[in-house]
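Text of model-v3.cif, listed as mmCIF, C-alpha atoms:
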```cif
data_model
loop_
_atom_site.group_PDB
_atom_site.id
_atom_site.type_symbol
_atom_site.label_atom_id
_atom_site.label_comp_id
_atom_site.auth_asym_id
_atom_site.auth_seq_id
_atom_site.Cartn_x
_atom_site.Cartn_y
_atom_site.Cartn_z
ATOM 1 C CA MET A 289 229.344 1.381 88.388
ATOM 2 C CA THR A 290 228.364 3.755 85.595
ATOM 3 C CA THR A 291 227.355 7.205 86.874
ATOM 4 C CA SER A 292 226.345 8.958 83.652
ATOM 5 C CA VAL A 293 222.825 10.318 83.103
ATOM 6 C CA PRO A 294 220.615 7.449 81.832
ATOM 7 C CA SER A 295 219.434 7.398 78.236
ATOM 8 C CA VAL A 296 215.646 7.458 78.733
ATOM 9 C CA LEU A 297 213.209 5.886 76.287
ATOM 10 C CA GLN A 298 209.671 7.196 76.937
ATOM 11 C CA LEU A 299 206.813 5.070 75.616
ATOM 12 C CA ALA A 300 203.113 5.902 75.349
ATOM 13 C CA THR A 301 202.228 2.407 76.543
ATOM 14 C CA ALA A 302 203.971 -0.818 77.465
ATOM 15 C CA PRO A 303 205.354 -2.743 74.474
ATOM 16 C CA SER A 304 204.183 -6.219 73.599
ATOM 17 C CA LEU A 305 206.037 -8.899 75.538
ATOM 18 C CA ALA A 306 205.636 -11.289 72.615
ATOM 19 C CA THR A 307 207.239 -8.767 70.266
ATOM 20 C CA GLU A 308 210.138 -8.160 72.643
ATOM 21 C CA LEU A 309 210.704 -11.910 73.042
ATOM 22 C CA LEU A 310 210.709 -12.305 69.262
ATOM 23 C CA ARG A 311 213.291 -9.536 68.981
ATOM 24 C CA ALA A 312 215.367 -11.297 71.616
ATOM 25 C CA ALA A 313 215.072 -14.646 69.801
ATOM 26 C CA VAL A 314 216.603 -13.301 66.588
ATOM 27 C CA ASP A 315 219.299 -11.287 68.380
ATOM 28 C CA ARG A 316 222.820 -12.551 67.734
ATOM 29 C CA ARG A 317 224.942 -10.458 70.088
ATOM 30 C CA PRO A 318 228.235 -12.120 71.022
ATOM 31 C CA ALA A 319 228.512 -13.819 74.437
ATOM 32 C CA ARG A 320 231.407 -11.775 75.766
ATOM 33 C CA PRO A 321 231.819 -9.085 78.443
ATOM 34 C CA GLY A 322 230.731 -5.612 77.439
ATOM 35 C CA GLU A 323 230.216 -2.174 78.953
ATOM 36 C CA VAL A 324 226.707 -1.625 80.376
ATOM 37 C CA PRO A 325 225.553 1.995 79.885
ATOM 38 C CA SER A 326 222.931 3.770 81.983
ATOM 39 C CA LEU A 327 219.580 3.056 80.321
ATOM 40 C CA ALA A 328 215.979 3.780 81.339
ATOM 41 C CA VAL A 329 212.457 3.164 80.013
ATOM 42 C CA TYR A 330 209.416 5.113 81.196
ATOM 43 C CA VAL A 331 205.673 4.733 80.681
ATOM 44 C CA PRO A 332 203.684 7.646 82.172
ATOM 45 C CA ARG A 333 200.306 5.900 82.427
ATOM 46 C CA LEU A 334 199.557 2.198 82.721
ATOM 47 C CA SER A 335 196.770 0.204 84.355
ATOM 48 C CA ALA A 336 196.154 -3.487 84.899
ATOM 49 C CA ARG A 337 193.885 -5.075 82.299
ATOM 50 C CA PRO A 338 190.953 -6.751 84.113
ATOM 51 C CA ASP A 339 191.067 -9.925 81.984
ATOM 52 C CA ALA A 340 194.833 -10.392 82.426
ATOM 53 C CA LEU A 341 194.610 -9.679 86.164
ATOM 54 C CA ALA A 342 191.792 -12.220 86.555
ATOM 55 C CA ARG A 343 193.854 -14.904 84.777
ATOM 56 C CA TYR A 344 196.881 -14.081 86.950
ATOM 57 C CA ARG A 345 194.837 -14.371 90.144
ATOM 58 C CA GLU A 346 193.392 -17.695 89.041
ATOM 59 C CA GLU A 347 196.774 -19.109 88.035
ATOM 60 C CA CYS A 348 198.663 -17.975 91.157
ATOM 61 C CA GLY A 349 195.941 -18.420 93.795
ATOM 62 C CA PHE A 350 195.013 -14.829 94.719
ATOM 63 C CA GLN A 351 191.532 -13.687 95.724
ATOM 64 C CA ALA A 352 189.853 -10.769 93.966
ATOM 65 C CA ASP A 353 189.756 -8.078 96.671
ATOM 66 C CA GLY A 354 190.007 -4.808 94.729
ATOM 67 C CA PHE A 355 193.808 -4.524 95.042
ATOM 68 C CA LEU A 356 196.769 -5.684 92.997
ATOM 69 C CA PRO A 357 198.615 -8.686 94.473
ATOM 70 C CA LEU A 358 202.014 -7.692 95.836
ATOM 71 C CA PRO A 359 204.072 -9.134 92.908
ATOM 72 C CA TYR A 360 201.746 -7.914 90.129
ATOM 73 C CA PRO A 361 203.540 -4.630 89.329
ATOM 74 C CA GLN A 362 206.489 -6.838 88.328
ATOM 75 C CA VAL A 363 204.205 -8.366 85.674
ATOM 76 C CA LEU A 364 203.212 -4.884 84.463
ATOM 77 C CA ALA A 365 206.878 -3.865 84.312
ATOM 78 C CA ALA A 366 208.125 -6.997 82.521
ATOM 79 C CA PRO A 367 207.615 -5.593 78.979
ATOM 80 C CA LEU A 368 209.675 -2.552 79.995
ATOM 81 C CA HIS A 369 212.416 -4.811 81.340
ATOM 82 C CA LEU A 370 212.618 -6.610 78.012
ATOM 83 C CA ALA A 371 212.458 -3.392 75.985
ATOM 84 C CA LEU A 372 215.384 -2.050 77.992
ATOM 85 C CA LEU A 373 217.479 -5.215 77.675
ATOM 86 C CA ASN A 374 216.758 -5.340 73.940
ATOM 87 C CA ARG A 375 218.173 -1.833 73.461
ATOM 88 C CA PRO A 376 221.099 -1.873 70.975
ATOM 89 C CA GLU A 377 223.327 -0.216 73.603
ATOM 90 C CA PHE A 378 222.911 -3.204 75.941
ATOM 91 C CA PRO A 379 225.860 -5.568 75.358
ATOM 92 C CA TYR A 380 224.315 -8.976 76.090
ATOM 93 C CA ARG A 381 221.738 -11.164 74.426
ATOM 94 C CA LEU A 382 218.544 -11.216 76.485
ATOM 95 C CA LEU A 383 217.702 -14.906 76.051
ATOM 96 C CA GLY A 384 219.972 -16.877 78.335
ATOM 97 C CA MET A 385 220.009 -14.300 81.129
ATOM 98 C CA ILE A 386 219.028 -15.822 84.476
ATOM 99 C CA HIS A 387 216.846 -14.240 87.171
ATOM 100 C CA VAL A 388 218.733 -14.915 90.425
ATOM 101 C CA ARG A 389 217.203 -12.567 93.029
ATOM 102 C CA ASN A 390 214.203 -10.295 93.443
ATOM 103 C CA HIS A 391 213.404 -7.581 95.989
ATOM 104 C CA ILE A 392 210.039 -5.808 96.252
ATOM 105 C CA GLN A 393 209.059 -2.948 98.542
ATOM 106 C CA GLN A 394 205.427 -1.823 98.655
ATOM 107 C CA GLU A 395 204.534 1.362 100.524
ATOM 108 C CA ARG A 396 200.754 0.981 100.235
ATOM 109 C CA ARG A 397 198.331 -1.361 98.518
ATOM 110 C CA LEU A 398 197.595 -0.500 94.901
ATOM 111 C CA GLU A 399 193.969 -0.400 93.800
ATOM 112 C CA GLU A 400 193.439 -2.717 90.857
ATOM 113 C CA HIS A 401 192.216 -0.041 88.411
ATOM 114 C CA GLU A 402 194.273 2.994 89.436
ATOM 115 C CA PRO A 403 196.569 4.527 86.795
ATOM 116 C CA LEU A 404 200.267 4.032 87.447
ATOM 117 C CA SER A 405 203.492 5.348 85.970
ATOM 118 C CA ILE A 406 206.415 2.946 85.720
ATOM 119 C CA ARG A 407 210.102 3.666 85.273
ATOM 120 C CA VAL A 408 212.735 0.962 84.786
ATOM 121 C CA TRP A 409 216.455 1.626 84.706
ATOM 122 C CA LEU A 410 219.731 -0.221 84.575
ATOM 123 C CA GLU A 411 223.104 0.923 85.825
ATOM 124 C CA GLY A 412 226.383 -0.943 85.474
ATOM 125 C CA GLN A 413 227.275 -4.518 86.316
ATOM 126 C CA ARG A 414 229.495 -6.487 88.663
ATOM 127 C CA GLU A 415 231.683 -9.510 88.122
ATOM 128 C CA VAL A 416 230.711 -12.722 89.905
ATOM 129 C CA ARG A 417 232.093 -16.251 89.720
ATOM 130 C CA GLN A 418 229.694 -17.345 86.970
ATOM 131 C CA GLY A 419 229.771 -14.198 84.826
ATOM 132 C CA ARG A 420 228.194 -10.749 85.303
ATOM 133 C CA GLU A 421 225.305 -9.666 87.530
ATOM 134 C CA LEU A 422 223.097 -6.709 86.597
ATOM 135 C CA ASP A 423 220.353 -4.947 88.577
ATOM 136 C CA LEU A 424 217.119 -3.796 86.975
ATOM 137 C CA HIS A 425 215.410 -1.119 89.075
ATOM 138 C CA THR A 426 211.635 -0.626 88.845
ATOM 139 C CA GLU A 427 209.737 2.287 90.359
ATOM 140 C CA VAL A 428 205.943 2.598 90.312
ATOM 141 C CA GLU A 429 204.182 5.886 91.101
ATOM 142 C CA ALA A 430 200.533 6.814 91.634
ATOM 143 C CA ASP A 431 199.407 10.443 91.870
ATOM 144 C CA GLY A 432 203.035 11.521 91.707
ATOM 145 C CA ARG A 433 204.154 9.464 94.717
ATOM 146 C CA ARG A 434 206.178 6.288 94.753
ATOM 147 C CA VAL A 435 204.085 3.352 95.953
ATOM 148 C CA TRP A 436 206.115 0.301 94.876
ATOM 149 C CA LYS A 437 209.671 -0.463 93.860
ATOM 150 C CA GLY A 438 211.535 -3.556 92.779
ATOM 151 C CA LEU A 439 215.073 -4.743 92.231
ATOM 152 C CA THR A 440 215.511 -7.600 89.749
ATOM 153 C CA THR A 441 218.992 -9.149 89.686
ATOM 154 C CA MET A 442 219.982 -10.960 86.504
ATOM 155 C CA LEU A 443 222.994 -13.167 85.767
ATOM 156 C CA ARG A 444 224.678 -13.309 82.374
ATOM 157 C CA ARG A 445 226.871 -16.385 82.215
ATOM 158 C CA LEU A 446 229.968 -15.819 80.082
ATOM 159 C CA PRO A 447 232.508 -18.136 78.445
ATOM 160 C CA GLY A 448 235.263 -19.033 80.882
ATOM 161 C CA ALA A 449 233.188 -18.225 83.980
ATOM 162 C CA ALA A 450 233.525 -20.750 86.790
ATOM 163 C CA GLU A 451 230.887 -23.475 87.035
ATOM 164 C CA ARG A 452 229.894 -25.087 90.315
ATOM 165 C CA THR A 453 231.659 -28.360 90.894
ATOM 166 C CA ARG A 454 229.893 -31.509 92.032
ATOM 167 C CA GLU A 455 231.598 -31.112 95.378
ATOM 168 C CA GLU A 456 230.044 -27.658 95.830
ATOM 169 C CA ARG A 457 226.473 -28.725 95.075
ATOM 170 C CA PRO A 458 225.848 -30.944 98.136
ATOM 171 C CA ARG A 459 227.324 -28.209 100.304
ATOM 172 C CA GLU A 460 224.908 -25.680 98.786
ATOM 173 C CA ALA A 461 221.978 -27.959 99.572
ATOM 174 C CA THR A 462 223.208 -28.354 103.176
ATOM 175 C CA ASP A 463 223.336 -24.576 103.524
ATOM 176 C CA GLU A 464 219.589 -24.567 102.807
ATOM 177 C CA GLU A 465 218.885 -26.354 106.103
ATOM 178 C CA ASP A 466 217.236 -23.898 108.482
ATOM 179 C CA PRO A 467 216.036 -24.965 111.941
ATOM 180 C CA SER A 468 213.128 -22.505 111.794
ATOM 181 C CA PHE A 469 211.460 -24.722 109.154
ATOM 182 C CA ARG A 470 211.654 -27.910 111.212
ATOM 183 C CA ASP A 471 208.336 -27.308 112.964
ATOM 184 C CA SER A 472 206.561 -25.801 109.962
ATOM 185 C CA PHE A 473 203.683 -27.628 108.312
ATOM 186 C CA PRO A 474 204.710 -28.536 104.733
ATOM 187 C CA THR A 475 202.296 -28.213 101.836
ATOM 188 C CA THR A 476 202.879 -30.328 98.726
ATOM 189 C CA TRP A 477 202.205 -28.783 95.324
ATOM 190 C CA SER A 478 201.765 -30.753 92.128
ATOM 191 C CA VAL A 479 203.154 -28.363 89.506
ATOM 192 C CA ALA A 480 201.663 -29.385 86.178
ATOM 193 C CA GLU A 481 203.507 -29.665 82.877
ATOM 194 C CA ASP A 482 201.439 -26.815 81.385
ATOM 195 C CA THR A 483 202.104 -24.366 84.250
ATOM 196 C CA GLY A 484 204.444 -22.286 82.100
ATOM 197 C CA ARG A 485 201.888 -21.995 79.304
ATOM 198 C CA ARG A 486 199.099 -21.045 81.698
ATOM 199 C CA TYR A 487 201.290 -18.413 83.360
ATOM 200 C CA ALA A 488 202.260 -17.105 79.917
ATOM 201 C CA ARG A 489 198.588 -16.547 79.094
ATOM 202 C CA ALA A 490 198.188 -14.693 82.405
ATOM 203 C CA SER A 491 201.360 -12.607 82.232
ATOM 204 C CA GLY A 492 202.087 -12.340 78.505
ATOM 205 C CA ASP A 493 205.569 -13.808 79.060
ATOM 206 C CA TYR A 494 206.000 -16.517 76.405
ATOM 207 C CA ASN A 495 209.669 -17.199 77.086
ATOM 208 C CA PRO A 496 210.344 -20.565 75.361
ATOM 209 C CA ILE A 497 212.147 -22.027 78.389
ATOM 210 C CA HIS A 498 208.811 -22.074 80.248
ATOM 211 C CA LEU A 499 206.529 -23.412 77.519
ATOM 212 C CA HIS A 500 207.538 -26.884 76.274
ATOM 213 C CA ALA A 501 210.356 -29.361 76.736
ATOM 214 C CA LEU A 502 211.245 -29.018 73.049
ATOM 215 C CA SER A 503 211.611 -25.237 73.162
ATOM 216 C CA ALA A 504 213.440 -25.383 76.505
ATOM 217 C CA LYS A 505 216.021 -27.851 75.136
ATOM 218 C CA ALA A 506 217.276 -25.176 72.742
ATOM 219 C CA PHE A 507 218.462 -23.276 75.821
ATOM 220 C CA GLY A 508 220.061 -26.187 77.650
ATOM 221 C CA PHE A 509 217.137 -27.462 79.748
ATOM 222 C CA SER A 510 215.966 -31.065 79.552
ATOM 223 C CA ARG A 511 212.426 -29.968 80.425
ATOM 224 C CA ALA A 512 210.521 -26.705 80.554
ATOM 225 C CA ILE A 513 210.989 -24.828 83.834
ATOM 226 C CA ALA A 514 208.513 -22.837 85.904
ATOM 227 C CA HIS A 515 208.718 -19.060 85.656
ATOM 228 C CA GLY A 516 210.448 -17.704 88.762
ATOM 229 C CA MET A 517 207.788 -15.044 89.312
ATOM 230 C CA TRP A 518 205.044 -17.674 89.065
ATOM 231 C CA THR A 519 206.736 -19.527 91.924
ATOM 232 C CA VAL A 520 207.143 -16.340 93.974
ATOM 233 C CA SER A 521 203.548 -15.290 93.304
ATOM 234 C CA ARG A 522 202.266 -18.728 94.319
ATOM 235 C CA CYS A 523 204.263 -18.436 97.566
ATOM 236 C CA VAL A 524 202.864 -14.962 98.292
ATOM 237 C CA ALA A 525 199.329 -16.253 97.757
ATOM 238 C CA GLU A 526 200.042 -19.042 100.279
ATOM 239 C CA LEU A 527 201.121 -16.433 102.850
ATOM 240 C CA GLY A 528 197.517 -15.194 103.021
ATOM 241 C CA ASP A 529 196.654 -12.187 105.179
ATOM 242 C CA ARG A 530 200.297 -11.337 105.825
ATOM 243 C CA ALA A 531 200.684 -10.517 102.134
ATOM 244 C CA ARG A 532 197.685 -8.155 102.199
ATOM 245 C CA ALA A 533 199.209 -5.649 104.623
ATOM 246 C CA PRO A 534 199.636 -2.102 103.241
ATOM 247 C CA ALA A 535 203.414 -1.866 103.616
ATOM 248 C CA LEU A 536 205.484 -4.931 102.723
ATOM 249 C CA THR A 537 208.990 -5.976 101.764
ATOM 250 C CA LEU A 538 209.499 -9.238 99.881
ATOM 251 C CA THR A 539 212.881 -10.772 99.143
ATOM 252 C CA SER A 540 213.301 -13.876 96.990
ATOM 253 C CA GLU A 541 216.318 -15.887 95.903
ATOM 254 C CA PHE A 542 216.136 -18.383 93.049
ATOM 255 C CA LYS A 543 218.273 -21.418 93.810
ATOM 256 C CA ARG A 544 217.619 -24.067 91.129
ATOM 257 C CA PRO A 545 215.210 -24.172 88.168
ATOM 258 C CA LEU A 546 211.904 -25.898 88.905
ATOM 259 C CA PRO A 547 211.342 -28.474 86.116
ATOM 260 C CA LEU A 548 207.854 -29.144 84.782
ATOM 261 C CA PRO A 549 206.062 -31.236 85.832
ATOM 262 C CA SER A 550 207.197 -31.563 89.469
ATOM 263 C CA ARG A 551 206.020 -32.216 92.984
ATOM 264 C CA VAL A 552 207.449 -29.683 95.413
ATOM 265 C CA VAL A 553 207.080 -28.791 99.072
ATOM 266 C CA PHE A 554 206.166 -25.275 100.242
ATOM 267 C CA GLN A 555 206.987 -24.213 103.810
ATOM 268 C CA LYS A 556 206.684 -21.007 105.805
ATOM 269 C CA ALA A 557 208.240 -20.192 109.150
ATOM 270 C CA PRO A 558 207.784 -17.096 111.367
ATOM 271 C CA ARG A 559 210.970 -15.111 111.977
ATOM 272 C CA SER A 560 209.365 -12.487 114.187
ATOM 273 C CA GLU A 561 206.001 -10.807 114.662
ATOM 274 C CA ALA A 562 206.571 -8.935 111.399
ATOM 275 C CA ALA A 563 208.603 -11.409 109.320
ATOM 276 C CA VAL A 564 207.960 -14.830 107.835
ATOM 277 C CA ALA A 565 210.400 -16.913 105.807
ATOM 278 C CA TYR A 566 209.272 -19.199 102.997
ATOM 279 C CA ARG A 567 210.819 -21.730 100.678
ATOM 280 C CA VAL A 568 209.986 -24.184 97.907
ATOM 281 C CA ARG A 569 211.974 -27.405 97.617
ATOM 282 C CA GLY A 570 211.672 -30.583 95.626
ATOM 283 C CA GLU A 571 210.525 -33.702 97.423
ATOM 284 C CA ASP A 572 214.175 -34.797 97.297
ATOM 285 C CA GLY A 573 215.251 -31.601 99.096
ATOM 286 C CA THR A 574 216.451 -29.721 95.994
ATOM 287 C CA PRO A 575 216.127 -25.980 96.781
ATOM 288 C CA HIS A 576 214.177 -23.913 94.258
ATOM 289 C CA VAL A 577 213.107 -20.624 95.884
ATOM 290 C CA ARG A 578 213.778 -19.126 99.264
ATOM 291 C CA GLY A 579 212.631 -15.772 100.648
ATOM 292 C CA GLU A 580 211.165 -13.611 103.370
ATOM 293 C CA LEU A 581 208.130 -11.334 103.715
ATOM 294 C CA VAL A 582 208.272 -8.459 106.204
ATOM 295 C CA THR A 583 205.229 -6.370 107.111
ATOM 296 C CA GLY A 584 205.379 -2.776 108.291
ATOM 297 C CA THR A 585 206.366 0.678 107.118
ATOM 298 C CA PRO A 586 209.626 0.576 105.146
ATOM 299 C CA ASN A 587 212.754 2.032 106.691
ATOM 300 C CA PRO A 588 212.898 5.823 105.973
ATOM 301 C CA ARG A 589 216.388 5.390 104.503
ATOM 302 C CA ALA A 590 215.035 2.787 102.073
ATOM 303 C CA ARG A 591 212.481 5.332 100.841
ATOM 304 C CA LYS A 592 215.285 7.575 99.641
ATOM 305 C CA SER A 593 217.206 4.849 97.849
#
```

Represent the supplied structure as C-alpha cells.
Amino acid sequence: MTTSVPSVLQLATAPSLATELLRAAVDRRPARPGEVPSLAVYVPRLSARPDALARYREECGFQADGFLPLPYPQVLAAPLHLALLNRPEFPYRLLGMIHVRNHIQQERRLEEHEPLSIRVWLEGQREVRQGRELDLHTEVEADGRRVWKGLTTMLRRLPGAAERTREERPREATDEEDPSFRDSFPTTWSVAEDTGRRYARASGDYNPIHLHALSAKAFGFSRAIAHGMWTVSRCVAELGDRARAPALTLTSEFKRPLPLPSRVVFQKAPRSEAAVAYRVRGEDGTPHVRGELVTGTPNPRARKS
C-alpha cells in the first residue's frame, strides 16, 4: 500500500460526468499492471440540484421527504471518482473497470439543500485472482463535520489473470443460498430495456455499457447492463423506513451484471433488530446484488478510520 502524501486536485465545482466519460473513451492506456500513486480530488462546496434529485427519486423509488436518500452522495461524488481515475498518474484505463463492492456509512441524514464538501482519494492496490482491486474512498462533510463516507471497490482485469471456470460458477451460485431468505416474501421487478438511459438522465452517468446493446457490445456485453448503483438504490428504496434512520451502514456486493431488459426477484430478510439483508437475483436464481443494511450509531472506531 502506498503511504506517500496524496496529490490533491482541488476543484471549484464537480466536473461534468459526460466530459470525464468522453476523456475515458479516448484514453488508450495499456492494459498492464502499473503503480497506483496516492491521489485525491476535493470540492469544497457542492449541493444537490433539485431537478436531478427529483429525477433520481422518481427513477429509484424514493419519496421526497426533505433529505437525501442514503446512496445519493455517491451520485454527487461520481464525477470526482472519474476525474481522479482519469488523472494521467493513474495507470489503468477507466472504461473496463468493474464495480465489485460498495460500503456506505451515514452518521446523520443529510438535508437535501445543505452545502457539502466532498473529498475522494485513492491509495494503492492489491492483487486478486482476476487482476487488481482498488479502493476509492469518499468523505462528505457538512459544517466541518463528517456526515457520510463511502468505500467503492473497483476491479481492473488484466491479461493473464485467472478467469472463473465453468465448474466454479455453479458453486458460486450455491454459495448464494441463505436460509434466512427462505421465509421472505419475494418481489418481482420488471427491469426495462431503457433503465440505463433513464438512470443516466437522473445521475449524469452516461457510461455506454448501460445505455444500449450496441454500445455495450463494444465492451464485451451482449446487452446493456443496469448500473450497479441503480440496483442498490432501488433496493434501499424497497427497504422503506429502515433506510430513513439517521445513522446507517450499507454494504453491497455485485455478483453478476444485470442485463437489460430482465425480470428479477428482490428479497429482504431480517438479521437482527438492527440489521436486514437484501438481494436481487434473476428468476433463474442468477445472483446480481447482495447486501445488508444496519441501523444505529456507527462504531466509534469506524469514525476514526

For region 548-565 of chain A: contacts at 9 Å, only C-alpha atoms, fewer than 5 positions along chain excluded, given as a count of residues only: 40

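Shortest separation to Gly528 (chain A) among A:Thr441, A:Ser503, A:Gln351, A:Asn495 occurs at residue A:Gln351, atoms counted being all atoms listed in the file.
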
Reference answer for the PyMOL selection byres ((chain A and resi 401-411) around 6), as a PyMOL selection string: chain A and resi 290+326-335+399-400+412+424-430

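When only C-alpha atoms are used to measure the gap to Thr519 (chain A), the shortest distance among A:Gln413, A:Gln418, A:Thr301, A:Asn390 belongs to A:Asn390.
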
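CA of Arg445 (chain A) sits 9.6 Å away from CA of Pro321 (chain A).
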
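Between CA of Leu305 (chain A) and CA of Asp493 (chain A) the separation is 6.1 Å.
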
So what do you get for CA of Arg375 (chain A) versus CA of Thr440 (chain A), distance-wise? 17.5 Å

Taking the file as shown, find all residues satisfying the PyMOL selection byres ((chain A and resi 363) around 10) and write them as a count of residues only. 19

Excluding Glu395 (chain A) and its own-chain neighbours fewer than 3 positions away, which residues fall within 8 Å of it when counting all atoms listed in the file? Please give them as a tab-separated table (two decimals) with C-alpha atoms, in the frame of the given file.
```tsv
chain	number	residue	atom	x	y	z
A	434	ARG	CA	206.18	6.29	94.75
A	435	VAL	CA	204.08	3.35	95.95
A	436	TRP	CA	206.12	0.30	94.88
A	534	PRO	CA	199.64	-2.10	103.24
A	535	ALA	CA	203.41	-1.87	103.62
A	536	LEU	CA	205.48	-4.93	102.72
A	585	THR	CA	206.37	0.68	107.12
A	586	PRO	CA	209.63	0.58	105.15
```
